[in-house]
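Shown here: model-v1.txt, compact mmCIF, C-alpha atoms.
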# COMPACT_ATOMS: atom_id res chain seq x y z
CA MET A 1 30.75 134.62 160.91
CA PRO A 2 32.31 138.02 161.75
CA GLU A 3 34.29 138.16 164.97
CA ILE A 4 33.97 140.73 167.74
CA GLY A 5 36.68 141.32 170.32
CA ILE A 6 35.41 141.08 173.91
CA GLY A 7 37.11 142.80 176.83
CA ILE A 8 36.08 141.88 180.36
CA VAL A 9 36.89 144.10 183.31
CA GLY A 10 37.13 141.77 186.31
CA GLY A 11 38.15 138.16 186.39
CA GLY A 12 36.53 136.99 189.62
CA TYR A 13 33.27 135.09 190.05
CA MET A 14 31.26 136.98 187.42
CA GLY A 15 34.23 137.70 185.18
CA LYS A 16 34.83 133.97 184.90
CA ALA A 17 31.13 133.34 184.21
CA HIS A 18 31.11 135.89 181.38
CA ALA A 19 34.34 134.53 179.93
CA ALA A 20 32.87 131.03 179.84
CA ALA A 21 29.65 132.37 178.32
CA PHE A 22 31.32 134.25 175.47
CA SER A 23 33.58 131.27 174.80
CA SER A 24 30.62 128.98 174.14
CA VAL A 25 27.68 131.15 173.06
CA ALA A 26 28.33 130.91 169.31
CA THR A 27 28.41 127.10 169.46
CA LEU A 28 24.94 127.04 171.02
CA PHE A 29 23.08 129.91 169.36
CA ASP A 30 22.98 131.20 165.78
CA THR A 31 24.49 134.58 166.54
CA ASP A 32 25.62 136.84 163.71
CA LEU A 33 28.81 137.58 165.64
CA ARG A 34 31.41 135.18 167.02
CA PRO A 35 32.98 136.61 170.19
CA ARG A 36 36.75 136.50 170.63
CA LEU A 37 38.19 136.81 174.13
CA GLU A 38 40.56 139.68 173.45
CA MET A 39 41.55 141.14 176.83
CA VAL A 40 40.88 140.71 180.55
CA CYS A 41 41.57 143.29 183.25
CA ALA A 42 42.29 142.69 186.95
CA THR A 43 43.67 144.80 189.78
CA SER A 44 47.17 143.36 189.36
CA MET A 45 49.12 141.97 186.42
CA THR A 46 49.67 138.74 188.33
CA SER A 47 45.92 138.18 188.61
CA ALA A 48 45.26 139.42 185.08
CA GLU A 49 47.81 137.02 183.59
CA ARG A 50 46.35 134.17 185.61
CA TYR A 51 42.88 134.95 184.26
CA ARG A 52 44.25 135.33 180.74
CA ASP A 53 45.82 131.88 180.90
CA SER A 54 42.86 130.20 182.63
CA PHE A 55 40.05 131.72 180.56
CA GLY A 56 41.72 131.86 177.15
CA PHE A 57 42.09 135.59 176.58
CA ALA A 58 44.64 136.85 174.07
CA ARG A 59 45.97 139.57 176.37
CA ALA A 60 45.79 140.93 179.92
CA THR A 61 46.08 144.28 181.67
CA ASP A 62 45.79 145.79 185.14
CA ASP A 63 44.35 149.08 183.84
CA TRP A 64 40.74 149.16 182.62
CA ARG A 65 41.54 152.28 180.56
CA THR A 66 43.97 150.21 178.50
CA LEU A 67 41.27 147.61 177.88
CA VAL A 68 38.55 150.09 176.95
CA GLY A 69 40.84 152.07 174.65
CA ASP A 70 42.30 149.11 172.79
CA PRO A 71 41.04 149.01 169.18
CA LYS A 72 40.80 145.20 169.22
CA VAL A 73 38.37 145.37 172.14
CA GLU A 74 35.10 146.09 170.36
CA ALA A 75 32.66 145.42 173.21
CA VAL A 76 33.15 145.79 176.95
CA VAL A 77 31.80 143.62 179.77
CA ILE A 78 31.92 145.21 183.23
CA ALA A 79 32.23 142.59 185.98
CA SER A 80 34.03 144.75 188.53
CA PRO A 81 32.79 146.35 191.78
CA GLN A 82 29.79 148.66 191.58
CA GLU A 83 31.74 151.83 192.30
CA THR A 84 33.76 151.32 189.09
CA HIS A 85 30.81 150.85 186.72
CA LYS A 86 30.13 154.46 185.79
CA ASP A 87 33.67 155.49 184.78
CA ILE A 88 34.24 152.35 182.72
CA ALA A 89 30.90 152.58 180.92
CA MET A 90 31.27 156.29 180.18
CA ALA A 91 34.72 155.74 178.70
CA ALA A 92 33.45 152.88 176.52
CA PHE A 93 30.45 154.85 175.28
CA ALA A 94 32.73 157.80 174.42
CA LEU A 95 34.42 155.40 171.98
CA ARG A 96 31.02 154.07 170.79
CA LYS A 97 31.67 150.60 172.19
CA PRO A 98 28.75 148.41 173.35
CA VAL A 99 28.63 147.64 177.08
CA LEU A 100 27.23 144.78 179.13
CA CYS A 101 27.33 145.79 182.81
CA GLU A 102 26.73 143.62 185.83
CA LYS A 103 23.98 144.63 188.22
CA PRO A 104 23.37 146.92 189.95
CA LEU A 105 24.07 149.42 187.20
CA ALA A 106 25.41 152.23 189.40
CA GLU A 107 25.91 153.42 192.96
CA THR A 108 23.18 156.07 192.68
CA PRO A 109 20.26 156.91 190.37
CA ASP A 110 22.09 160.07 189.28
CA ASP A 111 25.08 158.01 188.14
CA ALA A 112 22.72 155.60 186.38
CA ARG A 113 20.99 158.51 184.60
CA ALA A 114 24.35 159.75 183.34
CA MET A 115 25.16 156.25 182.05
CA VAL A 116 21.80 155.96 180.29
CA ALA A 117 22.32 159.35 178.63
CA ALA A 118 25.80 158.34 177.48
CA ALA A 119 24.51 155.07 176.07
CA GLN A 120 21.75 156.85 174.16
CA ALA A 121 24.17 159.46 172.82
CA ALA A 122 26.56 156.76 171.63
CA GLY A 123 23.74 154.83 169.98
CA VAL A 124 25.28 151.45 170.80
CA ALA A 125 24.03 148.29 172.46
CA ASN A 126 23.84 148.35 176.24
CA ALA A 127 22.59 145.74 178.69
CA VAL A 128 22.51 144.96 182.40
CA GLY A 129 23.30 141.50 183.75
CA PHE A 130 20.01 140.41 185.27
CA ASN A 131 20.58 136.75 184.51
CA TYR A 132 17.88 135.08 186.63
CA MET A 133 15.03 136.43 184.53
CA ARG A 134 16.50 134.55 181.57
CA THR A 135 15.67 131.03 182.73
CA PRO A 136 13.40 129.28 180.21
CA ALA A 137 10.76 128.96 182.97
CA THR A 138 10.62 132.68 183.75
CA GLN A 139 10.68 133.60 180.08
CA PHE A 140 7.71 131.26 179.66
CA ALA A 141 5.96 132.88 182.62
CA ARG A 142 6.33 136.26 180.89
CA GLN A 143 4.71 134.78 177.78
CA LEU A 144 1.79 133.30 179.73
CA ILE A 145 1.08 136.63 181.45
CA ALA A 146 1.40 138.63 178.22
CA GLU A 147 -0.97 136.24 176.44
CA GLY A 148 -3.56 136.63 179.21
CA ARG A 149 -3.50 132.97 180.17
CA ILE A 150 -4.02 133.74 183.86
CA GLY A 151 -6.36 136.63 183.11
CA GLU A 152 -5.91 140.05 184.64
CA VAL A 153 -3.09 140.00 187.18
CA THR A 154 -4.34 140.90 190.67
CA SER A 155 -1.23 140.53 192.85
CA PHE A 156 2.49 139.76 192.88
CA ARG A 157 4.71 138.33 195.59
CA GLY A 158 8.44 138.08 194.94
CA GLU A 159 11.53 137.25 196.96
CA MET A 160 15.27 136.81 196.87
CA THR A 161 16.27 134.81 199.92
CA GLU A 162 19.58 133.23 200.83
CA ASP A 163 21.21 132.17 204.10
CA PHE A 164 24.90 132.92 203.67
CA TYR A 165 24.74 135.22 206.70
CA ALA A 166 22.02 133.45 208.70
CA ASP A 167 24.48 132.45 211.43
CA PRO A 168 24.69 135.43 213.82
CA ASP A 169 28.16 134.27 214.86
CA ALA A 170 29.53 134.40 211.31
CA PRO A 171 32.41 136.91 211.20
CA ALA A 172 32.29 140.30 209.54
CA SER A 173 33.64 140.58 206.01
CA TRP A 174 33.48 142.86 202.99
CA ARG A 175 29.81 141.85 202.73
CA THR A 176 28.95 143.59 206.02
CA SER A 177 29.99 147.11 205.04
CA GLY A 178 28.78 149.50 202.35
CA ASP A 179 25.30 149.77 200.84
CA ALA A 180 26.40 147.99 197.66
CA ASN A 181 27.13 144.81 199.63
CA GLY A 182 23.96 144.78 201.73
CA CYS A 183 20.71 143.12 200.76
CA MET A 184 19.36 146.20 198.98
CA GLY A 185 22.52 146.56 196.92
CA ASP A 186 23.32 142.90 196.32
CA LEU A 187 20.11 140.85 196.33
CA ALA A 188 17.17 143.25 195.93
CA PRO A 189 17.94 144.28 192.31
CA HIS A 190 17.07 140.78 191.10
CA PRO A 191 13.47 140.51 192.41
CA ILE A 192 12.87 144.16 191.52
CA ASN A 193 13.92 143.40 187.95
CA CYS A 194 11.74 140.28 188.06
CA ALA A 195 8.74 142.35 189.15
CA HIS A 196 9.36 144.80 186.31
CA ALA A 197 9.67 141.95 183.81
CA LEU A 198 6.51 140.14 184.85
CA ILE A 199 4.19 142.93 186.01
CA GLY A 200 5.60 146.32 184.94
CA PRO A 201 7.08 149.47 186.49
CA ILE A 202 6.83 150.02 190.25
CA THR A 203 5.49 153.50 191.00
CA ARG A 204 5.01 153.66 194.79
CA LEU A 205 6.36 151.66 197.71
CA HIS A 206 6.77 151.36 201.44
CA ALA A 207 9.86 149.57 202.75
CA VAL A 208 11.29 148.36 206.05
CA VAL A 209 15.03 147.76 205.69
CA GLU A 210 16.67 146.02 208.64
CA THR A 211 20.10 145.20 210.01
CA VAL A 212 19.22 142.23 212.22
CA HIS A 213 22.73 141.28 213.32
CA SER A 214 24.45 144.63 213.86
CA ASP A 215 27.59 143.22 215.48
CA ARG A 216 29.70 140.42 214.10
CA GLY A 217 32.65 139.49 216.25
CA GLY A 218 32.92 142.99 217.66
CA VAL A 219 32.78 144.60 214.22
CA LEU A 220 29.90 146.97 213.44
CA VAL A 221 27.74 145.92 210.49
CA THR A 222 26.98 148.98 208.36
CA ASN A 223 24.51 147.55 205.84
CA ASP A 224 21.23 145.66 205.82
CA ASP A 225 20.38 141.99 206.34
CA GLN A 226 16.83 141.97 205.02
CA ALA A 227 14.01 144.14 203.72
CA HIS A 228 10.23 143.99 203.35
CA LEU A 229 8.65 145.96 200.50
CA GLN A 230 5.03 146.77 199.76
CA VAL A 231 4.74 147.93 196.16
CA GLU A 232 2.24 149.44 193.74
CA PHE A 233 2.71 149.02 190.00
CA ASP A 234 1.92 151.45 187.22
CA ASN A 235 -0.94 149.21 186.03
CA GLY A 236 -2.64 149.24 189.44
CA VAL A 237 -1.46 145.82 190.61
CA THR A 238 -0.20 145.66 194.20
CA GLY A 239 2.28 143.27 195.75
CA SER A 240 5.21 142.59 198.02
CA ILE A 241 8.89 141.74 197.80
CA PHE A 242 11.06 140.20 200.52
CA VAL A 243 14.85 140.07 200.36
CA SER A 244 17.14 138.45 202.90
CA ARG A 245 20.65 137.12 203.36
CA ILE A 246 19.69 135.58 206.72
CA ALA A 247 16.80 133.36 205.53
CA THR A 248 17.90 130.14 207.20
CA GLY A 249 17.65 127.18 204.82
CA ARG A 250 17.27 129.19 201.65
CA LYS A 251 20.07 128.88 199.11
CA MET A 252 18.64 130.33 195.92
CA GLY A 253 15.24 131.78 196.79
CA TYR A 254 14.55 133.73 193.59
CA ALA A 255 10.83 133.03 193.75
CA TYR A 256 7.47 134.53 192.87
CA ASP A 257 3.72 133.93 193.07
CA ILE A 258 1.47 135.73 190.60
CA TYR A 259 -2.32 135.60 190.88
CA GLY A 260 -4.77 136.47 188.13
CA THR A 261 -8.50 136.33 187.47
CA LYS A 262 -8.15 133.11 185.46
CA GLY A 263 -5.16 131.41 187.02
CA ALA A 264 -1.88 131.68 188.88
CA ILE A 265 1.86 131.06 188.43
CA ARG A 266 4.46 129.95 190.95
CA PHE A 267 8.24 129.66 190.54
CA ASP A 268 11.19 128.90 192.82
CA GLY A 269 14.80 129.28 191.73
CA GLU A 270 15.82 126.25 193.75
CA ASP A 271 13.85 124.27 191.16
CA GLN A 272 14.61 126.49 188.19
CA ASN A 273 13.56 124.03 185.52
CA ALA A 274 9.95 123.89 186.67
CA LEU A 275 7.03 126.31 186.56
CA TRP A 276 3.81 125.73 188.49
CA LEU A 277 0.66 126.80 186.61
CA TYR A 278 -2.96 126.87 187.78
CA LEU A 279 -5.76 127.52 185.30
CA ALA A 280 -9.33 127.99 186.44
CA GLU A 281 -10.65 125.58 183.82
CA GLY A 282 -12.62 122.35 183.90
CA PRO A 283 -14.50 120.77 186.81
CA GLU A 284 -13.56 122.15 190.24
CA ALA A 285 -12.74 118.65 191.46
CA GLU A 286 -10.02 118.34 188.82
CA ARG A 287 -8.38 121.72 189.30
CA GLY A 288 -4.96 122.26 190.86
CA PHE A 289 -1.48 123.54 190.21
CA ARG A 290 0.42 121.47 187.68
CA LYS A 291 4.19 121.24 187.44
CA ILE A 292 5.52 122.10 183.99
CA LEU A 293 9.03 120.84 183.34
CA THR A 294 10.89 123.08 180.90
CA GLY A 295 11.95 121.56 177.60
CA PRO A 296 12.69 122.31 173.93
CA THR A 297 9.36 124.11 173.41
CA HIS A 298 10.26 126.77 176.00
CA PRO A 299 12.35 129.90 175.29
CA ASP A 300 16.12 129.43 174.91
CA TYR A 301 16.08 125.79 176.07
CA LEU A 302 16.63 123.76 172.88
CA PRO A 303 20.16 125.06 172.13
CA PHE A 304 21.32 123.42 175.36
CA CYS A 305 19.41 120.14 175.32
CA GLN A 306 16.89 118.19 173.24
CA GLY A 307 15.41 116.37 176.21
CA PRO A 308 12.43 117.79 178.13
CA GLY A 309 13.03 117.90 181.86
CA HIS A 310 16.80 117.50 181.55
CA GLY A 311 17.21 121.12 182.57
CA THR A 312 19.47 124.12 182.25
CA GLY A 313 21.69 125.69 184.93
CA TYR A 314 23.14 128.92 186.28
CA GLN A 315 25.91 129.21 183.68
CA ASP A 316 23.37 128.71 180.92
CA GLN A 317 21.59 131.89 182.07
CA ILE A 318 24.82 133.82 181.48
CA ILE A 319 25.19 132.26 178.03
CA ILE A 320 21.64 133.35 177.14
CA GLU A 321 22.59 136.83 178.36
CA ALA A 322 25.66 136.82 176.08
CA LYS A 323 23.45 135.78 173.15
CA ASP A 324 21.05 138.64 173.81
CA PHE A 325 23.92 141.13 174.03
CA LEU A 326 25.46 139.94 170.75
CA ASN A 327 22.07 140.08 169.02
CA ALA A 328 21.57 143.65 170.24
CA ILE A 329 24.96 144.60 168.78
CA SER A 330 24.42 142.92 165.41
CA SER A 331 20.79 143.96 164.93
CA GLY A 332 21.05 147.49 166.30
CA THR A 333 17.84 146.76 168.23
CA PRO A 334 17.91 147.06 172.03
CA VAL A 335 17.37 143.82 173.95
CA TRP A 336 15.77 144.25 177.38
CA PRO A 337 17.03 144.78 180.08
CA THR A 338 18.99 147.80 178.87
CA PHE A 339 20.65 150.50 180.98
CA GLN A 340 17.22 152.14 181.22
CA GLU A 341 16.00 149.16 183.23
CA GLY A 342 19.17 149.33 185.32
CA LEU A 343 18.27 152.93 186.15
CA ALA A 344 14.69 151.93 187.03
CA VAL A 345 16.00 149.31 189.47
CA ASN A 346 18.44 151.82 190.99
CA GLN A 347 15.52 154.21 191.55
CA VAL A 348 13.48 151.55 193.35
CA VAL A 349 16.43 150.65 195.60
CA ALA A 350 16.98 154.32 196.48
CA ALA A 351 13.26 154.75 197.14
CA CYS A 352 13.28 151.74 199.48
CA LEU A 353 16.16 153.10 201.55
CA ALA A 354 14.47 156.50 201.81
CA SER A 355 11.09 154.97 202.66
CA SER A 356 12.62 152.93 205.45
CA ARG A 357 14.33 155.99 206.93
CA MET A 358 11.13 158.05 206.78
CA GLY A 359 8.68 155.31 207.66
CA ALA A 360 6.43 156.40 204.81
CA TRP A 361 5.18 155.57 201.34
CA VAL A 362 7.28 157.21 198.59
CA SER A 363 7.03 157.72 194.85
CA VAL A 364 9.76 156.01 192.82
CA ALA A 365 9.75 158.89 190.31
CA ASP A 366 11.20 161.16 193.02
CA PHE A 367 14.52 159.27 192.99
Entire entry expressed as structure tokens:
Amino acid sequence: MPEIGIGIVGGGYMGKAHAAAFSSVATLFDTDLRPRLEMVCATSMTSAERYRDSFGFARATDDWRTLVGDPKVEAVVIASPQETHKDIAMAAFALRKPVLCEKPLAETPDDARAMVAAAQAAGVANAVGFNYMRTPATQFARQLIAEGRIGEVTSFRGEMTEDFYADPDAPASWRTSGDANGCMGDLAPHPINCAHALIGPITRLHAVVETVHSDRGGVLVTNDDQAHLQVEFDNGVTGSIFVSRIATGRKMGYAYDIYGTKGAIRFDGEDQNALWLYLAEGPEAERGFRKILTGPTHPDYLPFCQGPGHGTGYQDQIIIEAKDFLNAISSGTPVWPTFQEGLAVNQVVAACLASSRMGAWVSVADF
């Protein structure tokens, strides 16, 4: 199996997750490429060397330009802050190196457009790290919808709800300043991507974006706590999305309800190994939602476990993501979600912020 040298920019929470994923992906999936952890980059050599030693990289650096330019680094993973994404990706594409970039793709739609153009010009694999859509349950939901099992979709309700800032007395931190760290920058990209995956492109929307707790310990909060979105899809379906970091009691509320003319689907990320399916079949007295436990017959489950209902976890989503990225590199065929989807999500986020300011419906294509 040919090797490919992986360089990861960032060794924190997501950098560690990607390092673990690329270390194990070839033992779980039949990829044509075996990744080799070649170099890790951090903001200081002390941190970089610590990550190198802990994660098993061959080398370390405190300059992302060194990592991107190194000939032994053949693919780049960007797990650094959002404001760094564009420069790193553009440099990698200039050298025709594939890039996997954490979400959100860029700070602005214009930056995202430039990154998409560079990726297309380079003609190399590119992907955005929307890991939650890769659970076997959600992949199965996509199949059911595509096959028409619930008929014509009539509505969508999605959410991303957590409570890490539900306490109004919690102190200010890096999370309370800058659009990238607010709900629209941090949490909203995931349910927007989910809506795109399950229903299709969002064309129009109306949003109310709120900062509920504007003062934390005497420090002004400069980003949003929650947002309510009404959306219209390209195929005529309507729906809603709710995002919140102050949803008391919610820990991993990546959830959706999808209704169709012949059935319905429900999913909650706090029970990620189950999908609830209703089919309008049989006697009315016997109808109801049934809980489907994911197992070896569902997408990307069997490589992890042979037992139905035993389940997969968060890290497994990142491993599936690594598999998809490697397959895109080896096959030369794009694997969704590419940078184009990252741009589409950036446009929806920008449209939401503008809609909230104006108090009006807006067209996503204008952003």
Contact check, segment 259-321 of chain A to segment 140-161 of chain A, at most 12 Å, counting only C-alpha atoms, closest pairs as JSON lines:
{"residue": "A:Tyr259", "atom": "CA", "partner": "A:Ser155", "partner_atom": "CA", "distance": 5.4}
{"residue": "A:Gly260", "atom": "CA", "partner": "A:Val153", "partner_atom": "CA", "distance": 4.0}
{"residue": "A:Thr261", "atom": "CA", "partner": "A:Gly151", "partner_atom": "CA", "distance": 4.9}
{"residue": "A:Lys262", "atom": "CA", "partner": "A:Ile150", "partner_atom": "CA", "distance": 4.5}
{"residue": "A:Gly263", "atom": "CA", "partner": "A:Ile150", "partner_atom": "CA", "distance": 4.1}
{"residue": "A:Ala264", "atom": "CA", "partner": "A:Ile150", "partner_atom": "CA", "distance": 5.8}
{"residue": "A:Ile265", "atom": "CA", "partner": "A:Ala141", "partner_atom": "CA", "distance": 7.3}
{"residue": "A:Arg266", "atom": "CA", "partner": "A:Ala141", "partner_atom": "CA", "distance": 9.0}
{"residue": "A:Phe267", "atom": "CA", "partner": "A:Ala141", "partner_atom": "CA", "distance": 8.8}
{"residue": "A:Asp268", "atom": "CA", "partner": "A:Glu159", "partner_atom": "CA", "distance": 9.3}
{"residue": "A:Gly269", "atom": "CA", "partner": "A:Met160", "partner_atom": "CA", "distance": 9.1}
{"residue": "A:Glu270", "atom": "CA", "partner": "A:Thr161", "partner_atom": "CA", "distance": 10.6}
{"residue": "A:Gln272", "atom": "CA", "partner": "A:Phe140", "partner_atom": "CA", "distance": 12.0}
{"residue": "A:Asn273", "atom": "CA", "partner": "A:Phe140", "partner_atom": "CA", "distance": 11.0}
{"residue": "A:Ala274", "atom": "CA", "partner": "A:Phe140", "partner_atom": "CA", "distance": 10.4}
{"residue": "A:Leu275", "atom": "CA", "partner": "A:Ala141", "partner_atom": "CA", "distance": 7.7}
{"residue": "A:Trp276", "atom": "CA", "partner": "A:Ala141", "partner_atom": "CA", "distance": 9.5}
{"residue": "A:Leu277", "atom": "CA", "partner": "A:Ile150", "partner_atom": "CA", "distance": 8.8}
{"residue": "A:Tyr278", "atom": "CA", "partner": "A:Ile150", "partner_atom": "CA", "distance": 8.0}
{"residue": "A:Leu279", "atom": "CA", "partner": "A:Ile150", "partner_atom": "CA", "distance": 6.6}
{"residue": "A:Ala280", "atom": "CA", "partner": "A:Ile150", "partner_atom": "CA", "distance": 8.2}
{"residue": "A:Glu281", "atom": "CA", "partner": "A:Ile150", "partner_atom": "CA", "distance": 10.5}
{"residue": "A:Ile292", "atom": "CA", "partner": "A:Phe140", "partner_atom": "CA", "distance": 10.4}
{"residue": "A:Leu293", "atom": "CA", "partner": "A:Phe140", "partner_atom": "CA", "distance": 11.1}
{"residue": "A:Thr294", "atom": "CA", "partner": "A:Phe140", "partner_atom": "CA", "distance": 8.9}
{"residue": "A:Gly295", "atom": "CA", "partner": "A:Phe140", "partner_atom": "CA", "distance": 10.8}
{"residue": "A:Pro296", "atom": "CA", "partner": "A:Phe140", "partner_atom": "CA", "distance": 11.7}
{"residue": "A:Thr297", "atom": "CA", "partner": "A:Phe140", "partner_atom": "CA", "distance": 9.6}
{"residue": "A:His298", "atom": "CA", "partner": "A:Phe140", "partner_atom": "CA", "distance": 6.3}
{"residue": "A:Pro299", "atom": "CA", "partner": "A:Phe140", "partner_atom": "CA", "distance": 6.5}
{"residue": "A:Asp300", "atom": "CA", "partner": "A:Phe140", "partner_atom": "CA", "distance": 9.8}
{"residue": "A:Tyr301", "atom": "CA", "partner": "A:Phe140", "partner_atom": "CA", "distance": 10.6}
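Proximity ranking of A:Asp63, A:Asp179, A:Glu341, A:Glu102 relative to Val77 of chain A places A:Glu102 first, based on all atoms listed in the file.
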*Near Asp70 of chain A, within 10 Å and counting all atoms listed in the file, which residues show up once chain neighbours fewer than 4 positions away are dropped, as a PyMOL selection string?*
chain A and resi 5+7+38-39+64-66+74
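With distances restricted to all atoms listed in the file, A:Leu95 is the closest residue to Pro71 of chain A from A:Ile318, A:Ala360, A:Leu95, A:Val25.
The coordinates place atom CA of Ala125 of chain A at 13.7 Å from atom CA of Ile78 of chain A.
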*Expressed in Å to a single decimal, how great is the separation between atom CA of Val124 of chain A and atom CA of Val99 of chain A?*
8.1 Å
*Can you work out the spacing between atom CA of Arg245 of chain A and atom CA of Ala197 of chain A in Å, to one decimal?*
22.9 Å
Could you name the residues that touch His213 of chain A at 8 Å or less, counting only C-alpha atoms, but leaving out those on the same chain fewer than 2 positions away, as a PDB file with C-alpha atoms, in the coordinates of the input?
ATOM      1  CA  PRO A 168      24.690 135.430 213.820  1.00  0.00           C
ATOM      2  CA  THR A 211      20.100 145.200 210.010  1.00  0.00           C
ATOM      3  CA  ASP A 215      27.590 143.220 215.480  1.00  0.00           C
ATOM      4  CA  ARG A 216      29.700 140.420 214.100  1.00  0.00           C
ATOM      5  CA  VAL A 221      27.740 145.920 210.490  1.00  0.00           C
ATOM      6  CA  ASP A 225      20.380 141.990 206.340  1.00  0.00           C
TER       7      ASP A 225
END
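Across A:Met133, A:Ile320, A:Val364, A:Val73, the tightest approach to Phe233 of chain A is made by A:Val364 when counting all atoms listed in the file.
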Can I get the residues of segment 256-360 of chain A within 12 Å of segment 200-203 of chain A, each with the closest pair of atoms and their distance in Å to one decimal, using all atoms listed in the file, sorted chain first then ascending number, as CSV?
residue,atom,partner,partner_atom,distance
A:Gln340,CA,A:Pro201,CA,11.7
A:Glu341,CA,A:Pro201,CA,9.5
A:Leu343,CA,A:Pro201,CA,11.7
A:Ala344,CA,A:Pro201,CA,8.0
A:Val345,CA,A:Ile202,CA,9.2
A:Asn346,CA,A:Ile202,CA,11.8
A:Gln347,CA,A:Ile202,CA,9.7
A:Val348,CA,A:Ile202,CA,7.5
A:Val349,CA,A:Ile202,CA,11.0
A:Ala351,CA,A:Thr203,CA,10.0
A:Cys352,CA,A:Ile202,CA,11.4
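Nearest residue to Val128 of chain A, choosing from A:Phe367, A:Phe304, A:Trp336, A:Phe55 and counting all atoms listed in the file: A:Trp336.
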*May I ask which of the residues A:His206, A:Arg52, A:Lys86, A:Arg357 is the closest one to Val40 of chain A, counting only C-alpha atoms?*
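Ranked by minimum distance to Val40 of chain A, first place goes to A:Arg52.
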*Hey, what's within 8 Å of Asp62 of chain A if we count all atoms listed in the file and toss same-chain stuff fewer than 2 positions away? As an NGL selection string, please?*
:A and (41-45 or 48 or 60 or 64)
Serialized selection, C-alpha atoms, as a CSV table (one decimal), in the coordinates of the input:
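The result, stored in out15.csv:
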chain,number,residue,atom,x,y,z
A,41,CYS,CA,41.6,143.3,183.2
A,42,ALA,CA,42.3,142.7,187.0
A,43,THR,CA,43.7,144.8,189.8
A,44,SER,CA,47.2,143.4,189.4
A,45,MET,CA,49.1,142.0,186.4
A,48,ALA,CA,45.3,139.4,185.1
A,60,ALA,CA,45.8,140.9,179.9
A,64,TRP,CA,40.7,149.2,182.6
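The shortest atom-to-atom distance to Leu67 of chain A, with only C-alpha atoms taken into account, belongs to A:Ile8 out of A:Asn235, A:Glu49, A:Ile8, A:Lys97.
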*Tell me, as a PyMOL selection string, which residues lie within 10 Å of segment 180-190 of chain A, counting only C-alpha atoms; anything in the same chain fewer than 4 positions away does not count.*
chain A and resi 81-83+103-107+129-133+158-162+174-176+194-196+209-211+221-227+241-246+254+342+344-346+348-350+352-353
Convert the current residue selection to file output with C-alpha atoms, as a compact mmCIF listing (two decimals), in the frame of the given file.
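Final output, saved to out-v6.txt:
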# COMPACT_ATOMS: atom_id res chain seq x y z
CA PRO A 81 32.79 146.35 191.78
CA GLN A 82 29.79 148.66 191.58
CA GLU A 83 31.74 151.83 192.30
CA LYS A 103 23.98 144.63 188.22
CA PRO A 104 23.37 146.92 189.95
CA LEU A 105 24.07 149.42 187.20
CA ALA A 106 25.41 152.23 189.40
CA GLU A 107 25.91 153.42 192.96
CA GLY A 129 23.30 141.50 183.75
CA PHE A 130 20.01 140.41 185.27
CA ASN A 131 20.58 136.75 184.51
CA TYR A 132 17.88 135.08 186.63
CA MET A 133 15.03 136.43 184.53
CA GLY A 158 8.44 138.08 194.94
CA GLU A 159 11.53 137.25 196.96
CA MET A 160 15.27 136.81 196.87
CA THR A 161 16.27 134.81 199.92
CA GLU A 162 19.58 133.23 200.83
CA TRP A 174 33.48 142.86 202.99
CA ARG A 175 29.81 141.85 202.73
CA THR A 176 28.95 143.59 206.02
CA CYS A 194 11.74 140.28 188.06
CA ALA A 195 8.74 142.35 189.15
CA HIS A 196 9.36 144.80 186.31
CA VAL A 209 15.03 147.76 205.69
CA GLU A 210 16.67 146.02 208.64
CA THR A 211 20.10 145.20 210.01
CA VAL A 221 27.74 145.92 210.49
CA THR A 222 26.98 148.98 208.36
CA ASN A 223 24.51 147.55 205.84
CA ASP A 224 21.23 145.66 205.82
CA ASP A 225 20.38 141.99 206.34
CA GLN A 226 16.83 141.97 205.02
CA ALA A 227 14.01 144.14 203.72
CA ILE A 241 8.89 141.74 197.80
CA PHE A 242 11.06 140.20 200.52
CA VAL A 243 14.85 140.07 200.36
CA SER A 244 17.14 138.45 202.90
CA ARG A 245 20.65 137.12 203.36
CA ILE A 246 19.69 135.58 206.72
CA TYR A 254 14.55 133.73 193.59
CA GLY A 342 19.17 149.33 185.32
CA ALA A 344 14.69 151.93 187.03
CA VAL A 345 16.00 149.31 189.47
CA ASN A 346 18.44 151.82 190.99
CA VAL A 348 13.48 151.55 193.35
CA VAL A 349 16.43 150.65 195.60
CA ALA A 350 16.98 154.32 196.48
CA CYS A 352 13.28 151.74 199.48
CA LEU A 353 16.16 153.10 201.55
